[in-house]
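Chemist: Got coords.cif for you, mmCIF, C-alpha atoms and all ligand atoms:
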```
data_query
#
loop_
_atom_site.label_atom_id
_atom_site.label_comp_id
_atom_site.auth_asym_id
_atom_site.auth_seq_id
_atom_site.Cartn_x
_atom_site.Cartn_y
_atom_site.Cartn_z
CA MET A 288 83.21 111.78 -270.55
CA LEU A 289 81.49 109.04 -272.40
CA ASN A 290 77.83 109.76 -273.13
CA ILE A 291 76.23 106.81 -274.86
CA VAL A 292 72.68 106.64 -276.13
CA ILE A 293 71.54 103.03 -276.45
CA PHE A 294 68.64 102.96 -278.84
CA GLY A 295 66.21 100.43 -280.25
CA ALA A 296 62.63 99.18 -280.28
CA PRO A 297 61.02 97.68 -277.16
CA GLY A 298 62.67 94.33 -276.56
CA SER A 299 65.78 95.13 -278.58
CA GLY A 300 68.03 94.37 -275.60
CA LYS A 301 68.88 97.87 -274.39
CA GLY A 302 68.73 96.94 -270.71
CA THR A 303 70.76 93.73 -271.06
CA GLN A 304 73.53 95.34 -273.08
CA SER A 305 73.56 98.46 -270.87
CA GLU A 306 74.41 96.36 -267.81
CA ARG A 307 77.41 94.88 -269.62
CA ILE A 308 78.63 98.27 -270.78
CA VAL A 309 78.27 99.77 -267.30
CA THR A 310 80.49 97.01 -265.90
CA LYS A 311 83.10 97.32 -268.61
CA TYR A 312 83.44 101.14 -268.75
CA GLY A 313 82.46 102.08 -265.19
CA ILE A 314 79.89 104.63 -266.25
CA ASN A 315 76.45 105.45 -264.83
CA HIS A 316 73.22 103.99 -266.19
CA ILE A 317 69.94 105.85 -266.65
CA SER A 318 67.07 103.58 -267.63
CA THR A 319 63.96 105.74 -267.83
CA GLY A 320 61.80 102.59 -267.88
CA ASP A 321 63.41 101.40 -264.61
CA VAL A 322 63.00 104.85 -263.03
CA LEU A 323 59.29 104.88 -263.89
CA ARG A 324 58.72 101.30 -262.71
CA ALA A 325 60.37 102.16 -259.36
CA GLU A 326 58.05 105.16 -258.98
CA ILE A 327 55.04 102.95 -259.73
CA LYS A 328 56.21 100.38 -257.19
CA ASN A 329 56.61 103.08 -254.54
CA GLY A 330 53.15 104.44 -255.28
CA THR A 331 54.32 108.03 -255.83
CA GLU A 332 52.31 110.69 -257.67
CA LEU A 333 54.72 110.43 -260.56
CA GLY A 334 54.26 106.66 -260.55
CA LYS A 335 50.48 107.01 -260.72
CA THR A 336 50.74 109.36 -263.70
CA ALA A 337 53.30 107.15 -265.44
CA LYS A 338 51.26 103.98 -264.97
CA GLY A 339 48.36 105.42 -266.95
CA TYR A 340 50.57 105.93 -269.98
CA ILE A 341 52.65 102.77 -269.70
CA ASP A 342 49.60 100.49 -269.41
CA GLN A 343 48.31 102.02 -272.65
CA GLY A 344 51.63 101.50 -274.42
CA GLN A 345 52.01 105.27 -274.74
CA LEU A 346 54.94 107.53 -273.95
CA ILE A 347 55.06 109.71 -270.85
CA PRO A 348 54.80 113.41 -271.89
CA ASP A 349 58.13 114.95 -272.93
CA SER A 350 58.14 117.78 -270.38
CA LEU A 351 57.74 115.35 -267.48
CA MET A 352 60.32 112.92 -268.86
CA ILE A 353 62.89 115.67 -269.46
CA ASP A 354 62.56 116.91 -265.85
CA ILE A 355 63.03 113.36 -264.55
CA LEU A 356 66.13 112.89 -266.67
CA ALA A 357 67.67 116.17 -265.52
CA SER A 358 67.26 115.26 -261.86
CA VAL A 359 68.79 111.79 -262.32
CA LEU A 360 71.69 113.31 -264.24
CA ASP A 361 72.29 115.83 -261.43
CA SER A 362 72.38 113.04 -258.85
CA PHE A 363 75.60 111.55 -260.30
CA GLU A 364 78.87 112.62 -258.74
CA ASP A 365 82.36 112.21 -260.25
CA SER A 366 80.79 110.43 -263.19
CA LYS A 367 82.96 108.96 -265.93
CA GLY A 368 80.02 109.06 -268.26
CA VAL A 369 76.47 107.89 -268.70
CA ILE A 370 74.58 105.35 -270.76
CA PHE A 371 71.12 106.62 -271.63
CA ASP A 372 68.76 103.65 -271.96
CA GLY A 373 65.23 104.43 -273.12
CA PHE A 374 65.90 108.15 -273.51
CA PRO A 375 65.53 109.99 -275.85
CA ARG A 376 62.39 108.49 -277.37
CA THR A 377 61.22 111.59 -279.27
CA ILE A 378 62.91 114.37 -281.22
CA ALA A 379 61.97 116.83 -278.45
CA GLN A 380 63.76 114.61 -275.91
CA ALA A 381 66.84 114.37 -278.15
CA GLU A 382 66.97 118.15 -278.43
CA ALA A 383 66.55 118.51 -274.66
CA LEU A 384 69.35 116.00 -274.04
CA LYS A 385 71.65 117.88 -276.39
CA LYS A 386 70.93 121.10 -274.51
CA MET A 387 71.34 119.52 -271.06
CA LEU A 388 74.71 118.06 -272.02
CA ALA A 389 75.85 121.30 -273.69
CA GLU A 390 75.10 123.16 -270.44
CA ARG A 391 77.56 120.77 -268.80
CA ASN A 392 80.11 121.24 -271.61
CA GLN A 393 79.40 117.76 -272.90
CA GLU A 394 77.80 116.01 -275.82
CA VAL A 395 76.52 112.62 -276.91
CA SER A 396 79.55 110.51 -277.91
CA VAL A 397 77.66 107.90 -279.90
CA MET A 398 74.15 106.60 -280.51
CA LEU A 399 73.98 102.81 -280.78
CA ASP A 400 70.98 101.59 -282.76
CA LEU A 401 70.26 97.98 -281.78
CA GLU A 402 68.30 96.65 -284.72
CA VAL A 403 66.13 93.55 -284.26
CA PRO A 404 63.44 92.22 -286.66
CA LYS A 405 59.85 92.77 -285.57
CA ASP A 406 58.93 89.07 -285.24
CA GLU A 407 61.83 88.54 -282.88
CA LEU A 408 60.81 91.58 -280.78
CA MET A 409 57.29 90.18 -280.36
CA THR A 410 58.66 86.76 -279.34
CA ARG A 411 61.09 88.23 -276.80
CA LEU A 412 58.54 90.57 -275.21
CA ILE A 413 55.81 87.93 -274.89
CA LYS A 414 58.36 85.62 -273.24
CA ARG A 415 59.52 88.42 -270.91
CA GLY A 416 55.88 89.11 -269.97
CA GLN A 417 55.38 85.46 -269.01
CA GLU A 418 58.58 85.36 -266.94
CA SER A 419 58.64 88.78 -265.27
CA GLY A 420 54.96 89.60 -265.28
CA ARG A 421 55.72 93.10 -266.58
CA ALA A 422 52.25 94.53 -267.13
CA ASP A 423 53.04 96.15 -270.49
CA ASP A 424 54.51 92.95 -271.97
CA ASN A 425 51.23 91.52 -273.24
CA GLU A 426 50.44 91.10 -276.92
CA GLU A 427 47.99 94.00 -277.23
CA THR A 428 50.20 96.54 -275.44
CA ILE A 429 53.34 95.32 -277.22
CA LYS A 430 51.69 96.05 -280.59
CA LYS A 431 50.85 99.57 -279.44
CA ARG A 432 54.40 100.12 -278.18
CA LEU A 433 55.87 98.97 -281.48
CA ASN A 434 53.58 101.41 -283.33
CA VAL A 435 54.64 104.21 -281.00
CA TYR A 436 58.25 103.24 -281.61
CA HIS A 437 57.82 103.47 -285.40
CA SER A 438 55.92 106.75 -285.38
CA GLN A 439 57.61 108.71 -282.56
CA THR A 440 60.98 107.13 -281.82
CA ALA A 441 62.37 105.73 -285.10
CA PRO A 442 62.70 109.28 -286.59
CA LEU A 443 65.62 109.70 -284.17
CA ILE A 444 67.67 107.45 -286.43
CA ASP A 445 67.89 110.16 -289.10
CA TRP A 446 68.25 112.84 -286.43
CA TYR A 447 71.37 111.18 -284.99
CA LYS A 448 72.70 110.46 -288.49
CA GLN A 449 72.56 114.20 -289.13
CA GLU A 450 74.39 114.81 -285.87
CA GLY A 451 77.11 112.42 -287.07
CA LYS A 452 76.61 110.20 -283.99
CA TYR A 453 74.83 107.20 -285.46
CA SER A 454 76.17 103.65 -285.20
CA HIS A 455 74.22 100.60 -286.37
CA ILE A 456 74.40 97.40 -284.31
CA ASN A 457 72.90 94.07 -285.37
CA GLY A 458 70.86 93.16 -282.29
CA LEU A 459 70.04 89.64 -283.46
CA GLY A 460 72.31 86.77 -282.39
CA GLU A 461 74.68 85.88 -279.56
CA LEU A 462 74.62 88.27 -276.57
CA GLU A 463 78.41 88.23 -276.43
CA ARG A 464 78.85 89.08 -280.12
CA ILE A 465 76.45 92.00 -279.77
CA THR A 466 78.42 93.26 -276.74
CA GLU A 467 81.64 93.02 -278.75
CA ASP A 468 80.15 95.02 -281.63
CA ILE A 469 78.96 97.65 -279.15
CA CYS A 470 82.37 97.89 -277.48
CA GLN A 471 84.01 98.34 -280.87
CA ALA A 472 81.67 101.21 -281.68
CA ILE A 473 82.35 102.81 -278.26
CA ASP A 474 86.12 102.39 -278.51
CA LYS A 475 86.07 104.31 -281.81
CA VAL A 476 84.77 107.43 -280.05
CA ARG A 477 86.68 107.23 -276.76
P1 LIG P 501 63.79 97.43 -273.70
O1 LIG P 501 63.09 96.11 -273.68
O2 LIG P 501 64.67 97.57 -274.95
O3 LIG P 501 64.55 97.68 -272.46
P2 LIG P 501 61.16 98.75 -273.42
O4 LIG P 501 60.51 99.68 -274.42
O5 LIG P 501 60.53 97.42 -273.25
O6 LIG P 501 62.69 98.60 -273.82
P3 LIG P 501 61.35 100.61 -271.17
O7 LIG P 501 62.46 101.40 -271.75
O8 LIG P 501 61.57 99.96 -269.88
O9 LIG P 501 60.97 99.34 -272.02
O10 LIG P 501 60.05 101.57 -271.13
C1 LIG P 501 58.80 101.14 -270.67
C2 LIG P 501 57.73 102.23 -270.83
O11 LIG P 501 58.09 103.40 -270.04
C3 LIG P 501 57.55 102.78 -272.24
O12 LIG P 501 56.69 101.99 -273.03
C4 LIG P 501 56.98 104.19 -271.96
O13 LIG P 501 55.62 104.16 -271.66
C5 LIG P 501 57.72 104.61 -270.70
N1 LIG P 501 58.96 105.36 -271.03
C6 LIG P 501 60.23 104.95 -270.80
N2 LIG P 501 61.12 105.86 -271.24
C7 LIG P 501 60.39 106.89 -271.76
C8 LIG P 501 60.71 108.12 -272.39
N3 LIG P 501 61.99 108.49 -272.60
N4 LIG P 501 59.71 108.92 -272.79
C9 LIG P 501 58.45 108.57 -272.60
N5 LIG P 501 58.06 107.43 -272.03
C10 LIG P 501 59.01 106.58 -271.61
MG MG P 502 64.52 98.33 -270.64
#
```
Could the structure of this file be written out as structure tokens, please?
Modeler:
Amino acid sequence: MLNIVIFGAPGSGKGTQSERIVTKYGINHISTGDVLRAEIKNGTELGKTAKGYIDQGQLIPDSLMIDILASVLDSFEDSKGVIFDGFPRTIAQAEALKKMLAERNQEVSVMLDLEVPKDELMTRLIKRGQESGRADDNEETIKKRLNVYHSQTAPLIDWYKQEGKYSHINGLGELERITEDICQAIDKVR
């Protein structure tokens, strides 16, 4: 089983690269952002709760997020592996993921850290906001999300280094080159 954590700041390209990896390796994709946006669209209770946090650029509470992840994970059958996109975003989530996988006799294979300079992240997200109309892709909320990333999510870099799972990927440049670098990192742990 291939369990890949794709990691990076908002706008680093996690979703784009995940789609390519899913096609190439035939694994399942969990995008917590996509799950939450679907709940919001469907007007569920969970969606209403999530919207409050997302519109403020804040993270959804860990306990809620961990439950959501567990239920998505349980919905996969005969899975060859999973790419985790947007999860974990906190140390508590990383510990929960480790435990969930251990209970299934599995572990994270590799954590891919897509690194992109801050100016480029701002440019990409503002452009995405104009094109997709995603409510949290406006300048004010983007700044908040980047702060949340630095304070709550970036500490996972050292956490995964300690686990011996860390792999750095240069997320700036040609999409295809980035995909190749990612595949190389994955093929090392397969
Ligand atoms: P990217 O552009 O690289 O795909 P992103 O940060 O723009 O990343 P999503 O991953 O789609 O976007 O997340 C959107 C929002 O959903 C986050 O800002 C946060 O409020 C919420 N969210 C998503 N995943 C989590 C999580 N694991 N824990 C808490 N909140 C989350
Ligand atoms: Mg995304």
Chemist: Which residues sit within 12 Å of ligand MG 502 (chain P), counting only C-alpha atoms and all ligand atoms, listed as a compact mmCIF listing (two decimals) with C-alpha atoms, in the coordinates of the input?
Modeler:
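Once everything was written out, this is selection26.txt:
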```txt
# COMPACT_ATOMS: atom_id res chain seq x y z
CA ILE A 293 71.54 103.03 -276.45
CA PHE A 294 68.64 102.96 -278.84
CA GLY A 295 66.21 100.43 -280.25
CA ALA A 296 62.63 99.18 -280.28
CA PRO A 297 61.02 97.68 -277.16
CA GLY A 298 62.67 94.33 -276.56
CA SER A 299 65.78 95.13 -278.58
CA GLY A 300 68.03 94.37 -275.60
CA LYS A 301 68.88 97.87 -274.39
CA GLY A 302 68.73 96.94 -270.71
CA THR A 303 70.76 93.73 -271.06
CA GLN A 304 73.53 95.34 -273.08
CA SER A 305 73.56 98.46 -270.87
CA GLU A 306 74.41 96.36 -267.81
CA HIS A 316 73.22 103.99 -266.19
CA ILE A 317 69.94 105.85 -266.65
CA SER A 318 67.07 103.58 -267.63
CA THR A 319 63.96 105.74 -267.83
CA GLY A 320 61.80 102.59 -267.88
CA ASP A 321 63.41 101.40 -264.61
CA VAL A 322 63.00 104.85 -263.03
CA LEU A 323 59.29 104.88 -263.89
CA ARG A 324 58.72 101.30 -262.71
CA PHE A 371 71.12 106.62 -271.63
CA ASP A 372 68.76 103.65 -271.96
CA GLY A 373 65.23 104.43 -273.12
CA PHE A 374 65.90 108.15 -273.51
CA LEU A 412 58.54 90.57 -275.21
CA ARG A 415 59.52 88.42 -270.91
CA ARG A 421 55.72 93.10 -266.58
CA ASP A 423 53.04 96.15 -270.49
CA ASP A 424 54.51 92.95 -271.97
```
Chemist: In terms of the shortest atom-to-atom distance over all atoms listed in the file, which of A:Ser396, A:Ser419, A:Gln345, A:Ser362 is closest to ligand LIG 501 (chain P)?
Modeler: A:Gln345
Chemist: Using only C-alpha atoms, can you tell me which of A:Ile314, A:Leu408, A:Val476, A:Ile291 comes closest to Leu388 in chain A?
Modeler: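 Ranked by minimum distance to Leu388 in chain A, first place goes to A:Ile291.
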Chemist: When you count all atoms listed in the file, which of these residues is closest to Leu401 in chain A: A:Gly339, A:Gly334, A:Pro442, A:Gly458?
Modeler: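 Distance minimum relative to Leu401 in chain A lands on A:Gly458.
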Chemist: Using all atoms listed in the file for the distances, tell me which of A:Glu463, A:Trp446, A:Gly344, A:Thr377 is nearest to Lys430 in chain A.
Modeler: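 Nearest to Lys430 in chain A: A:Gly344.
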Chemist: Would you please work out which residue, of A:Ile456, A:Leu433, A:Leu346, A:Ala441, is nearest to ligand LIG 501 (chain P) when using only C-alpha atoms and all ligand atoms?
Modeler: A:Leu346
